[in-house]
There are 2 protein chains.
Amino acid sequence: MRVVVPFDATDPKSRLAPVLDGDERRAFADAMLRDVLDAVRAAGHTPEVVATASVNVDAPVTVDERPLTPCVNAVLDAAREPVAVVMADLALATSGTLARLFATDGDVVLVPGRGGGTNAFVARHDGFRVDYHGTSFLDHREAAADAGADVTVVDSYRLSTDVDDPDDLAEVLLHADGRAARWLRDAGFRLSTTGGRVAATRE
Amino acid sequence: MRVVVPFDATDPKSRLAPVLDGDERRAFADAMLRDVLDAVRAAGHTPEVVATASVNVDAPVTVDERPLTPCVNAVLDAAREPVAVVMADLALATSGTLARLFATDGDVVLVPGRGGGTNAFVARHDGFRVDYHGTSFLDHREAAADAGADVTVVDSYRLSTDVDDPDDLAEVLLHADGRAARWLRDAGFRLSTTGGRVAATRE
């Protein structure tokens with residue numbers, strides 16, 4: 001199985017702009033990418049990165065400047081074997097949760113992201129293509145059905161938690177212990193509780 | 001195994017006040033409670049409700065006006081067998097995900113909630129007590145360790161998604177099809193996409 005990790009190396013994690021400046025967002029996104037690559041390797045696979053610009057990581061990198069959808073569909077067009085696509089911002093991913101994804105049977109195996117996105121999938125059917133716009137999880141379920149592919153959904157909090165918004169940073173501090181969590185701690189982020197809600201706030 | 005579902009029948013889901021008035025919050029919370037009770041039954045167990053006031057559901061109800069923590073600890077104090085405690089706002093819970101929780105081995109089995117809470121647990125160790133204040137997931141892990149109990153964490157997006165904030169309503173529309181999802185649709189809520197983010201907005 002090919003395992004592909006798409007990465008926005010140009011302007012990553014723009015929705016974190018309220019709490020991280022441009023250089024910080026790039027460094028934090030890079031830490032999350034490395035965590036995901038580590039977890040894929042620990043799950044017994046060799047990850048490949050498809051990035052919008054060159055990035056220095058311990059994995060083969062293909063540069064493709066196009067948006068995510070055509071970029072991933074080009075991978076699917078060229079596929080001669082099952083393909084897994086795992087987003088680079090799954091900072092809570094572990095080898096165990098990814099192994100569970102890779103081992104799940106189905107023509108198309110989907111992992112929803114919070115907010116209706118698609119955080120990861122495995123495609124074992126050559127008619128499946130992606131469209132990440134909008135509620136892509138629902139669209140991908142429909143696209144798979146339209147292609148005559150059966151769909152399985154993996155129920156994993158770790159894989160469904162992508163790190164997009166400032167609110168998501170608390171999940172990294174709560175549940176992760178890799179580079180991304182260390183980066184946040186080194187940058188001064190700590191868990192704090194106000195009004196019964198937990199957040200990652202900067203000291 | 002006893003399966004206890006605590007329920008705030010007095011002022012439920014106060015953080016939904018920006019989008020639902022008091023009567024609506026009570027009706028929506030009631031729909032979620034019934035969905036959870038159905039899922040527990042479909043998982044092969046007989047749920048009991050512990051509520052702050054009388055509530056008319058198809059399950060035995062004990063009224064305990066105290067806050068959640070003493071209320072659940074009273075259940076644990078009295079327990080002579082394993083106890084599962086499942087929050088009443090897990091609108092995405094299914095019989096399958098609950099069966100996975102109930103079947104998970106461990107003295108203490110925890111399900112984190114988004115934001116560091118504890119959405120469900122199974123206690124098979126008589127030294128474990130709860131404290132739902134703050135980051136209760138981390139506190140419960142520590143409390144279990146202090147009691148000499150081994151801890152297992154269940155990785156389930158459905159069980160980790162409690163419905164507290166307006167943002168959470170989109171998850172109900174995306175992933176649930178029970179009373180709570182129908183209630184939201186009947187009340188005019190629909191999925192909408194703005195700026196790449198999916199939300200439940202009212203027509």
# chains A, B, ... in the order shown; residues from 1 in each chain; ligands from 1
$ residues_around --residues "Ala199 in chain B" --least-positions-apart "5" --cutoff "6 Å" --atoms "only C-alpha atoms" --output "PyMOL selection string"
chain B and resi 170+191-192
$ closest_atom_pairs --of "chain B" --to "chain A" --cutoff "9 Å" --atoms "only C-alpha atoms" --output "tab-separated table"
residue	atom	partner	partner_atom	distance
B:Thr97	CA	A:Asp155	CA	8.2
B:Pro112	CA	A:Tyr157	CA	8.9
B:Arg114	CA	A:Glu171	CA	7.2
B:Gly115	CA	A:Val198	CA	5.4
B:Gly116	CA	A:Val198	CA	6.6
B:Gly117	CA	A:Val198	CA	8.6
B:His133	CA	A:Gly196	CA	7.2
B:Gly134	CA	A:Thr193	CA	6.1
B:Thr135	CA	A:Val198	CA	6.7
B:Phe137	CA	A:Leu174	CA	8.7
B:Leu138	CA	A:Leu174	CA	7.6
B:Val154	CA	A:Ser156	CA	8.8
B:Asp155	CA	A:Ser156	CA	5.2
B:Ser156	CA	A:Ser156	CA	4.4
B:Tyr157	CA	A:Tyr157	CA	3.8
B:Arg158	CA	A:Asp155	CA	6.6
B:Leu159	CA	A:Tyr157	CA	8.2
B:Ser160	CA	A:Tyr157	CA	6.4
B:Thr161	CA	A:Tyr157	CA	8.4
B:Asp167	CA	A:Gly115	CA	8.4
B:Asp168	CA	A:Gly115	CA	8.5
B:Ala170	CA	A:Gly115	CA	6.7
B:Glu171	CA	A:Gly115	CA	6.6
B:Leu174	CA	A:Gly116	CA	6.7
B:His175	CA	A:Gly116	CA	9.0
B:Leu191	CA	A:Thr135	CA	8.6
B:Ser192	CA	A:Gly134	CA	8.6
B:Thr193	CA	A:Gly134	CA	6.1
B:Thr194	CA	A:Gly134	CA	8.5
B:Gly196	CA	A:Gly134	CA	6.1
B:Arg197	CA	A:Gly115	CA	6.8
B:Val198	CA	A:Gly115	CA	5.4
B:Ala199	CA	A:Gly115	CA	7.2
$ atom_distance --atom1 "CA of Asp165 in chain A" --atom2 "CA of Asp89 in chain A"
11.1 Å
$ select_by_dssp --residues "chain B" --states "strand (DSSP E)" --output "PDB file with N, CA and C atoms, in the first residue's frame"
ATOM      1  N   ARG B   2     -23.529  -2.408  35.605  1.00  0.00           N
ATOM      2  CA  ARG B   2     -24.521  -1.327  35.654  1.00  0.00           C
ATOM      3  C   ARG B   2     -24.121  -0.248  34.657  1.00  0.00           C
ATOM      4  N   VAL B   3     -25.079   0.304  33.952  1.00  0.00           N
ATOM      5  CA  VAL B   3     -24.791   1.403  33.031  1.00  0.00           C
ATOM      6  C   VAL B   3     -25.633   2.604  33.460  1.00  0.00           C
ATOM      7  N   VAL B   4     -24.948   3.633  33.928  1.00  0.00           N
ATOM      8  CA  VAL B   4     -25.612   4.804  34.492  1.00  0.00           C
ATOM      9  C   VAL B   4     -25.424   5.998  33.561  1.00  0.00           C
ATOM     10  N   VAL B   5     -26.520   6.697  33.305  1.00  0.00           N
ATOM     11  CA  VAL B   5     -26.488   7.886  32.448  1.00  0.00           C
ATOM     12  C   VAL B   5     -26.930   9.083  33.285  1.00  0.00           C
ATOM     13  N   PRO B   6     -25.999   9.939  33.697  1.00  0.00           N
ATOM     14  CA  PRO B   6     -26.392  11.139  34.460  1.00  0.00           C
ATOM     15  C   PRO B   6     -27.026  12.172  33.529  1.00  0.00           C
ATOM     16  N   PHE B   7     -27.995  12.898  34.054  1.00  0.00           N
ATOM     17  CA  PHE B   7     -28.718  13.851  33.205  1.00  0.00           C
ATOM     18  C   PHE B   7     -29.086  15.098  33.989  1.00  0.00           C
ATOM     19  N   PRO B  47     -29.936   0.541  30.759  1.00  0.00           N
ATOM     20  CA  PRO B  47     -29.465   1.802  31.338  1.00  0.00           C
ATOM     21  C   PRO B  47     -30.307   2.260  32.519  1.00  0.00           C
ATOM     22  N   GLU B  48     -29.663   2.968  33.438  1.00  0.00           N
ATOM     23  CA  GLU B  48     -30.345   3.664  34.534  1.00  0.00           C
ATOM     24  C   GLU B  48     -30.000   5.139  34.406  1.00  0.00           C
ATOM     25  N   VAL B  49     -30.963   6.003  34.697  1.00  0.00           N
ATOM     26  CA  VAL B  49     -30.726   7.442  34.634  1.00  0.00           C
ATOM     27  C   VAL B  49     -30.616   7.984  36.058  1.00  0.00           C
ATOM     28  N   VAL B  50     -29.629   8.843  36.286  1.00  0.00           N
ATOM     29  CA  VAL B  50     -29.568   9.622  37.527  1.00  0.00           C
ATOM     30  C   VAL B  50     -29.722  11.075  37.113  1.00  0.00           C
ATOM     31  N   ALA B  51     -30.832  11.685  37.503  1.00  0.00           N
ATOM     32  CA  ALA B  51     -31.163  13.018  36.999  1.00  0.00           C
ATOM     33  C   ALA B  51     -31.375  13.993  38.152  1.00  0.00           C
ATOM     34  N   VAL B  61     -35.316   5.928  36.798  1.00  0.00           N
ATOM     35  CA  VAL B  61     -34.715   7.240  37.051  1.00  0.00           C
ATOM     36  C   VAL B  61     -34.559   7.433  38.560  1.00  0.00           C
ATOM     37  N   THR B  62     -33.353   7.761  38.987  1.00  0.00           N
ATOM     38  CA  THR B  62     -33.111   8.175  40.361  1.00  0.00           C
ATOM     39  C   THR B  62     -32.886   9.676  40.353  1.00  0.00           C
ATOM     40  N   VAL B  63     -33.585  10.400  41.224  1.00  0.00           N
ATOM     41  CA  VAL B  63     -33.371  11.842  41.294  1.00  0.00           C
ATOM     42  C   VAL B  63     -32.305  12.142  42.342  1.00  0.00           C
ATOM     43  N   VAL B  83     -19.184  -0.723  36.888  1.00  0.00           N
ATOM     44  CA  VAL B  83     -20.110   0.371  36.570  1.00  0.00           C
ATOM     45  C   VAL B  83     -19.622   1.097  35.322  1.00  0.00           C
ATOM     46  N   ALA B  84     -20.511   1.347  34.400  1.00  0.00           N
ATOM     47  CA  ALA B  84     -20.212   2.233  33.279  1.00  0.00           C
ATOM     48  C   ALA B  84     -21.025   3.507  33.459  1.00  0.00           C
ATOM     49  N   VAL B  85     -20.386   4.637  33.226  1.00  0.00           N
ATOM     50  CA  VAL B  85     -21.089   5.921  33.274  1.00  0.00           C
ATOM     51  C   VAL B  85     -20.936   6.578  31.906  1.00  0.00           C
ATOM     52  N   VAL B  86     -22.060   6.866  31.303  1.00  0.00           N
ATOM     53  CA  VAL B  86     -22.084   7.397  29.928  1.00  0.00           C
ATOM     54  C   VAL B  86     -22.833   8.718  29.945  1.00  0.00           C
ATOM     55  N   VAL B 108      -9.938   0.530  34.814  1.00  0.00           N
ATOM     56  CA  VAL B 108     -10.647   1.775  34.498  1.00  0.00           C
ATOM     57  C   VAL B 108     -10.483   2.018  32.995  1.00  0.00           C
ATOM     58  N   VAL B 109     -11.581   2.151  32.304  1.00  0.00           N
ATOM     59  CA  VAL B 109     -11.571   2.407  30.861  1.00  0.00           C
ATOM     60  C   VAL B 109     -12.146   3.803  30.659  1.00  0.00           C
ATOM     61  N   LEU B 110     -11.358   4.676  30.046  1.00  0.00           N
ATOM     62  CA  LEU B 110     -11.770   6.072  29.906  1.00  0.00           C
ATOM     63  C   LEU B 110     -12.009   6.444  28.450  1.00  0.00           C
ATOM     64  N   VAL B 111     -13.013   7.280  28.230  1.00  0.00           N
ATOM     65  CA  VAL B 111     -13.227   7.902  26.928  1.00  0.00           C
ATOM     66  C   VAL B 111     -13.109   9.408  27.114  1.00  0.00           C
ATOM     67  N   PRO B 112     -12.051  10.014  26.550  1.00  0.00           N
ATOM     68  CA  PRO B 112     -11.939  11.467  26.685  1.00  0.00           C
ATOM     69  C   PRO B 112     -13.013  12.168  25.873  1.00  0.00           C
ATOM     70  N   THR B 118     -14.382  13.942  30.357  1.00  0.00           N
ATOM     71  CA  THR B 118     -14.502  12.480  30.369  1.00  0.00           C
ATOM     72  C   THR B 118     -15.921  12.145  29.939  1.00  0.00           C
ATOM     73  N   ASN B 119     -16.076  11.623  28.739  1.00  0.00           N
ATOM     74  CA  ASN B 119     -17.424  11.398  28.199  1.00  0.00           C
ATOM     75  C   ASN B 119     -18.046  10.098  28.672  1.00  0.00           C
ATOM     76  N   ALA B 120     -17.209   9.140  28.995  1.00  0.00           N
ATOM     77  CA  ALA B 120     -17.724   7.851  29.467  1.00  0.00           C
ATOM     78  C   ALA B 120     -16.587   7.117  30.145  1.00  0.00           C
ATOM     79  N   PHE B 121     -16.934   6.217  31.041  1.00  0.00           N
ATOM     80  CA  PHE B 121     -15.912   5.347  31.624  1.00  0.00           C
ATOM     81  C   PHE B 121     -16.549   4.055  32.097  1.00  0.00           C
ATOM     82  N   VAL B 122     -15.699   3.053  32.245  1.00  0.00           N
ATOM     83  CA  VAL B 122     -16.086   1.818  32.912  1.00  0.00           C
ATOM     84  C   VAL B 122     -15.137   1.665  34.091  1.00  0.00           C
ATOM     85  N   ALA B 123     -15.680   1.411  35.274  1.00  0.00           N
ATOM     86  CA  ALA B 123     -14.849   1.200  36.465  1.00  0.00           C
ATOM     87  C   ALA B 123     -15.051  -0.223  36.968  1.00  0.00           C
ATOM     88  N   VAL B 151      -5.265   1.625  33.466  1.00  0.00           N
ATOM     89  CA  VAL B 151      -6.159   2.478  32.674  1.00  0.00           C
ATOM     90  C   VAL B 151      -6.055   2.130  31.197  1.00  0.00           C
ATOM     91  N   THR B 152      -7.186   2.017  30.551  1.00  0.00           N
ATOM     92  CA  THR B 152      -7.234   1.857  29.106  1.00  0.00           C
ATOM     93  C   THR B 152      -8.047   3.028  28.555  1.00  0.00           C
ATOM     94  N   VAL B 153      -7.619   3.544  27.417  1.00  0.00           N
ATOM     95  CA  VAL B 153      -8.334   4.653  26.790  1.00  0.00           C
ATOM     96  C   VAL B 153      -8.956   4.146  25.490  1.00  0.00           C
ATOM     97  N   PHE B 189     -32.345  23.505  11.556  1.00  0.00           N
ATOM     98  CA  PHE B 189     -30.881  23.517  11.413  1.00  0.00           C
ATOM     99  C   PHE B 189     -30.461  22.728  10.169  1.00  0.00           C
ATOM    100  N   ARG B 190     -29.523  23.308   9.432  1.00  0.00           N
ATOM    101  CA  ARG B 190     -28.971  22.665   8.238  1.00  0.00           C
ATOM    102  C   ARG B 190     -27.460  22.883   8.228  1.00  0.00           C
ATOM    103  N   LEU B 191     -26.743  21.985   7.559  1.00  0.00           N
ATOM    104  CA  LEU B 191     -25.311  22.182   7.374  1.00  0.00           C
ATOM    105  C   LEU B 191     -25.084  23.304   6.372  1.00  0.00           C
ATOM    106  N   SER B 192     -24.138  24.175   6.666  1.00  0.00           N
ATOM    107  CA  SER B 192     -23.769  25.205   5.705  1.00  0.00           C
ATOM    108  C   SER B 192     -22.256  25.348   5.718  1.00  0.00           C
ATOM    109  N   THR B 193     -21.714  25.796   4.598  1.00  0.00           N
ATOM    110  CA  THR B 193     -20.260  25.933   4.484  1.00  0.00           C
ATOM    111  C   THR B 193     -19.925  27.392   4.204  1.00  0.00           C
ATOM    112  N   THR B 194     -19.126  27.975   5.089  1.00  0.00           N
ATOM    113  CA  THR B 194     -18.643  29.335   4.818  1.00  0.00           C
ATOM    114  C   THR B 194     -17.161  29.381   5.134  1.00  0.00           C
ATOM    115  N   ARG B 197     -15.386  26.270   6.310  1.00  0.00           N
ATOM    116  CA  ARG B 197     -15.794  25.661   7.573  1.00  0.00           C
ATOM    117  C   ARG B 197     -17.260  25.268   7.503  1.00  0.00           C
ATOM    118  N   VAL B 198     -17.556  24.123   8.070  1.00  0.00           N
ATOM    119  CA  VAL B 198     -18.919  23.619   8.054  1.00  0.00           C
ATOM    120  C   VAL B 198     -19.573  23.924   9.403  1.00  0.00           C
ATOM    121  N   ALA B 199     -20.790  24.419   9.368  1.00  0.00           N
ATOM    122  CA  ALA B 199     -21.510  24.723  10.606  1.00  0.00           C
ATOM    123  C   ALA B 199     -22.965  24.321  10.453  1.00  0.00           C
ATOM    124  N   ALA B 200     -23.638  24.171  11.592  1.00  0.00           N
ATOM    125  CA  ALA B 200     -25.082  23.984  11.584  1.00  0.00           C
ATOM    126  C   ALA B 200     -25.698  25.360  11.766  1.00  0.00           C
ATOM    127  N   THR B 201     -26.417  25.830  10.748  1.00  0.00           N
ATOM    128  CA  THR B 201     -27.059  27.136  10.861  1.00  0.00           C
ATOM    129  C   THR B 201     -28.564  26.974  10.722  1.00  0.00           C
ATOM    130  N   ARG B 202     -29.283  27.922  11.343  1.00  0.00           N
ATOM    131  CA  ARG B 202     -30.732  27.806  11.398  1.00  0.00           C
ATOM    132  C   ARG B 202     -31.353  28.615  10.275  1.00  0.00           C
TER     133      ARG B 202
END
$ residues_around --residues "range 73-82 of chain A" --least-positions-apart "5" --cutoff "6 Å" --atoms "only C-alpha atoms" --output "list in words"
Met1, Ala123, Arg124 and Arg129 of chain A
$ atom_distance --atom1 "CA of Gly188 in chain B" --atom2 "CA of Asp58 in chain B"
27.3 Å
$ atom_distance --atom1 "CA of Gly44 in chain A" --atom2 "CA of Arg100 in chain A"
11.6 Å
$ residues_around --residues "range 34-43 of chain B" --least-positions-apart "2" --cutoff "6 Å" --atoms "only C-alpha atoms" --output "MDAnalysis selection string"
chainID B and resid 31:32 45:46 94:95 99
$ select_by_dssp --residues "range 114-198 of chain A" --states "alpha helix (DSSP H)" --output "ChimeraX atom specification"
/A:136-146,157-160,169-175,179-186
$ write_last_selection --atoms "N, CA and C atoms" --output "PDB file, in the first residue's frame"
ATOM      1  N   SER A 136     -16.580  17.291   2.775  1.00  0.00           N
ATOM      2  CA  SER A 136     -15.990  16.264   1.910  1.00  0.00           C
ATOM      3  C   SER A 136     -16.273  14.856   2.413  1.00  0.00           C
ATOM      4  N   PHE A 137     -16.473  14.696   3.717  1.00  0.00           N
ATOM      5  CA  PHE A 137     -16.755  13.350   4.218  1.00  0.00           C
ATOM      6  C   PHE A 137     -18.047  12.799   3.594  1.00  0.00           C
ATOM      7  N   LEU A 138     -19.104  13.624   3.598  1.00  0.00           N
ATOM      8  CA  LEU A 138     -20.369  13.188   2.999  1.00  0.00           C
ATOM      9  C   LEU A 138     -20.204  13.002   1.487  1.00  0.00           C
ATOM     10  N   ASP A 139     -19.480  13.932   0.852  1.00  0.00           N
ATOM     11  CA  ASP A 139     -19.278  13.848  -0.602  1.00  0.00           C
ATOM     12  C   ASP A 139     -18.476  12.599  -0.968  1.00  0.00           C
ATOM     13  N   HIS A 140     -17.478  12.281  -0.149  1.00  0.00           N
ATOM     14  CA  HIS A 140     -16.652  11.104  -0.460  1.00  0.00           C
ATOM     15  C   HIS A 140     -17.429   9.808  -0.263  1.00  0.00           C
ATOM     16  N   ARG A 141     -18.320   9.804   0.733  1.00  0.00           N
ATOM     17  CA  ARG A 141     -19.156   8.620   0.929  1.00  0.00           C
ATOM     18  C   ARG A 141     -20.044   8.412  -0.300  1.00  0.00           C
ATOM     19  N   GLU A 142     -20.588   9.525  -0.793  1.00  0.00           N
ATOM     20  CA  GLU A 142     -21.446   9.461  -1.977  1.00  0.00           C
ATOM     21  C   GLU A 142     -20.644   9.102  -3.221  1.00  0.00           C
ATOM     22  N   ALA A 143     -19.466   9.696  -3.376  1.00  0.00           N
ATOM     23  CA  ALA A 143     -18.621   9.423  -4.550  1.00  0.00           C
ATOM     24  C   ALA A 143     -18.232   7.952  -4.597  1.00  0.00           C
ATOM     25  N   ALA A 144     -17.942   7.375  -3.441  1.00  0.00           N
ATOM     26  CA  ALA A 144     -17.579   5.961  -3.389  1.00  0.00           C
ATOM     27  C   ALA A 144     -18.781   5.111  -3.803  1.00  0.00           C
ATOM     28  N   ALA A 145     -19.954   5.444  -3.266  1.00  0.00           N
ATOM     29  CA  ALA A 145     -21.158   4.693  -3.627  1.00  0.00           C
ATOM     30  C   ALA A 145     -21.427   4.806  -5.126  1.00  0.00           C
ATOM     31  N   ASP A 146     -21.278   6.018  -5.665  1.00  0.00           N
ATOM     32  CA  ASP A 146     -21.502   6.231  -7.101  1.00  0.00           C
ATOM     33  C   ASP A 146     -20.538   5.396  -7.943  1.00  0.00           C
ATOM     34  N   TYR A 157     -11.013   8.906  17.534  1.00  0.00           N
ATOM     35  CA  TYR A 157     -10.888  10.303  17.931  1.00  0.00           C
ATOM     36  C   TYR A 157      -9.539  10.870  17.495  1.00  0.00           C
ATOM     37  N   ARG A 158      -8.493  10.069  17.627  1.00  0.00           N
ATOM     38  CA  ARG A 158      -7.155  10.566  17.274  1.00  0.00           C
ATOM     39  C   ARG A 158      -7.070  10.940  15.798  1.00  0.00           C
ATOM     40  N   LEU A 159      -7.643  10.117  14.944  1.00  0.00           N
ATOM     41  CA  LEU A 159      -7.547  10.401  13.509  1.00  0.00           C
ATOM     42  C   LEU A 159      -8.571  11.437  13.057  1.00  0.00           C
ATOM     43  N   SER A 160      -9.645  11.593  13.786  1.00  0.00           N
ATOM     44  CA  SER A 160     -10.655  12.586  13.394  1.00  0.00           C
ATOM     45  C   SER A 160     -10.310  13.992  13.872  1.00  0.00           C
ATOM     46  N   LEU A 169      -5.608  23.249  19.523  1.00  0.00           N
ATOM     47  CA  LEU A 169      -4.280  23.118  20.132  1.00  0.00           C
ATOM     48  C   LEU A 169      -4.358  22.419  21.490  1.00  0.00           C
ATOM     49  N   ALA A 170      -5.473  22.635  22.218  1.00  0.00           N
ATOM     50  CA  ALA A 170      -5.615  21.964  23.518  1.00  0.00           C
ATOM     51  C   ALA A 170      -5.574  20.445  23.351  1.00  0.00           C
ATOM     52  N   GLU A 171      -6.145  19.949  22.254  1.00  0.00           N
ATOM     53  CA  GLU A 171      -6.149  18.484  22.039  1.00  0.00           C
ATOM     54  C   GLU A 171      -4.729  17.956  21.890  1.00  0.00           C
ATOM     55  N   VAL A 172      -3.861  18.755  21.252  1.00  0.00           N
ATOM     56  CA  VAL A 172      -2.461  18.338  21.083  1.00  0.00           C
ATOM     57  C   VAL A 172      -1.789  18.245  22.450  1.00  0.00           C
ATOM     58  N   LEU A 173      -2.004  19.267  23.294  1.00  0.00           N
ATOM     59  CA  LEU A 173      -1.384  19.254  24.625  1.00  0.00           C
ATOM     60  C   LEU A 173      -1.966  18.138  25.491  1.00  0.00           C
ATOM     61  N   LEU A 174      -3.245  17.822  25.287  1.00  0.00           N
ATOM     62  CA  LEU A 174      -3.891  16.790  26.109  1.00  0.00           C
ATOM     63  C   LEU A 174      -3.460  15.379  25.707  1.00  0.00           C
ATOM     64  N   HIS A 175      -3.306  15.135  24.406  1.00  0.00           N
ATOM     65  CA  HIS A 175      -3.239  13.738  23.946  1.00  0.00           C
ATOM     66  C   HIS A 175      -1.982  13.363  23.169  1.00  0.00           C
ATOM     67  N   ARG A 179       6.682  15.764  18.469  1.00  0.00           N
ATOM     68  CA  ARG A 179       7.312  17.055  18.160  1.00  0.00           C
ATOM     69  C   ARG A 179       6.315  18.216  18.248  1.00  0.00           C
ATOM     70  N   ALA A 180       5.087  17.995  17.770  1.00  0.00           N
ATOM     71  CA  ALA A 180       4.111  19.098  17.748  1.00  0.00           C
ATOM     72  C   ALA A 180       3.762  19.534  19.168  1.00  0.00           C
ATOM     73  N   ALA A 181       3.559  18.568  20.052  1.00  0.00           N
ATOM     74  CA  ALA A 181       3.244  18.908  21.444  1.00  0.00           C
ATOM     75  C   ALA A 181       4.431  19.616  22.100  1.00  0.00           C
ATOM     76  N   ARG A 182       5.633  19.114  21.816  1.00  0.00           N
ATOM     77  CA  ARG A 182       6.827  19.756  22.393  1.00  0.00           C
ATOM     78  C   ARG A 182       6.987  21.173  21.837  1.00  0.00           C
ATOM     79  N   TRP A 183       6.718  21.329  20.522  1.00  0.00           N
ATOM     80  CA  TRP A 183       6.836  22.662  19.922  1.00  0.00           C
ATOM     81  C   TRP A 183       5.888  23.634  20.623  1.00  0.00           C
ATOM     82  N   LEU A 184       4.655  23.210  20.846  1.00  0.00           N
ATOM     83  CA  LEU A 184       3.688  24.098  21.519  1.00  0.00           C
ATOM     84  C   LEU A 184       4.155  24.449  22.928  1.00  0.00           C
ATOM     85  N   ARG A 185       4.640  23.446  23.651  1.00  0.00           N
ATOM     86  CA  ARG A 185       5.097  23.721  25.025  1.00  0.00           C
ATOM     87  C   ARG A 185       6.291  24.680  25.006  1.00  0.00           C
ATOM     88  N   ASP A 186       7.243  24.433  24.078  1.00  0.00           N
ATOM     89  CA  ASP A 186       8.413  25.319  23.976  1.00  0.00           C
ATOM     90  C   ASP A 186       8.000  26.739  23.586  1.00  0.00           C
TER      91      ASP A 186
END
$ closest_residue --among "B:Ala93, B:Ala103, B:Leu68, B:Ala147" --to "Asp177 in chain B" --atoms "only C-alpha atoms"
B:Ala93
$ closest_residue --among "A:Ala53, A:Met87, A:Leu101, A:Ala59" --to "Thr10 in chain A" --atoms "only C-alpha atoms"
A:Ala53
$ residues_around --residues "range 11-13 of chain B" --least-positions-apart "4" --cutoff "10 Å" --atoms "only C-alpha atoms" --output "list in words"
Phe7, Ala17, Leu20, Gly22, Asp23, Glu24, Arg25, Arg26, Ala27, Phe28, Ala29, Asp30, Thr52, Asp89, Val163, Asp164 and Asp165 of chain B
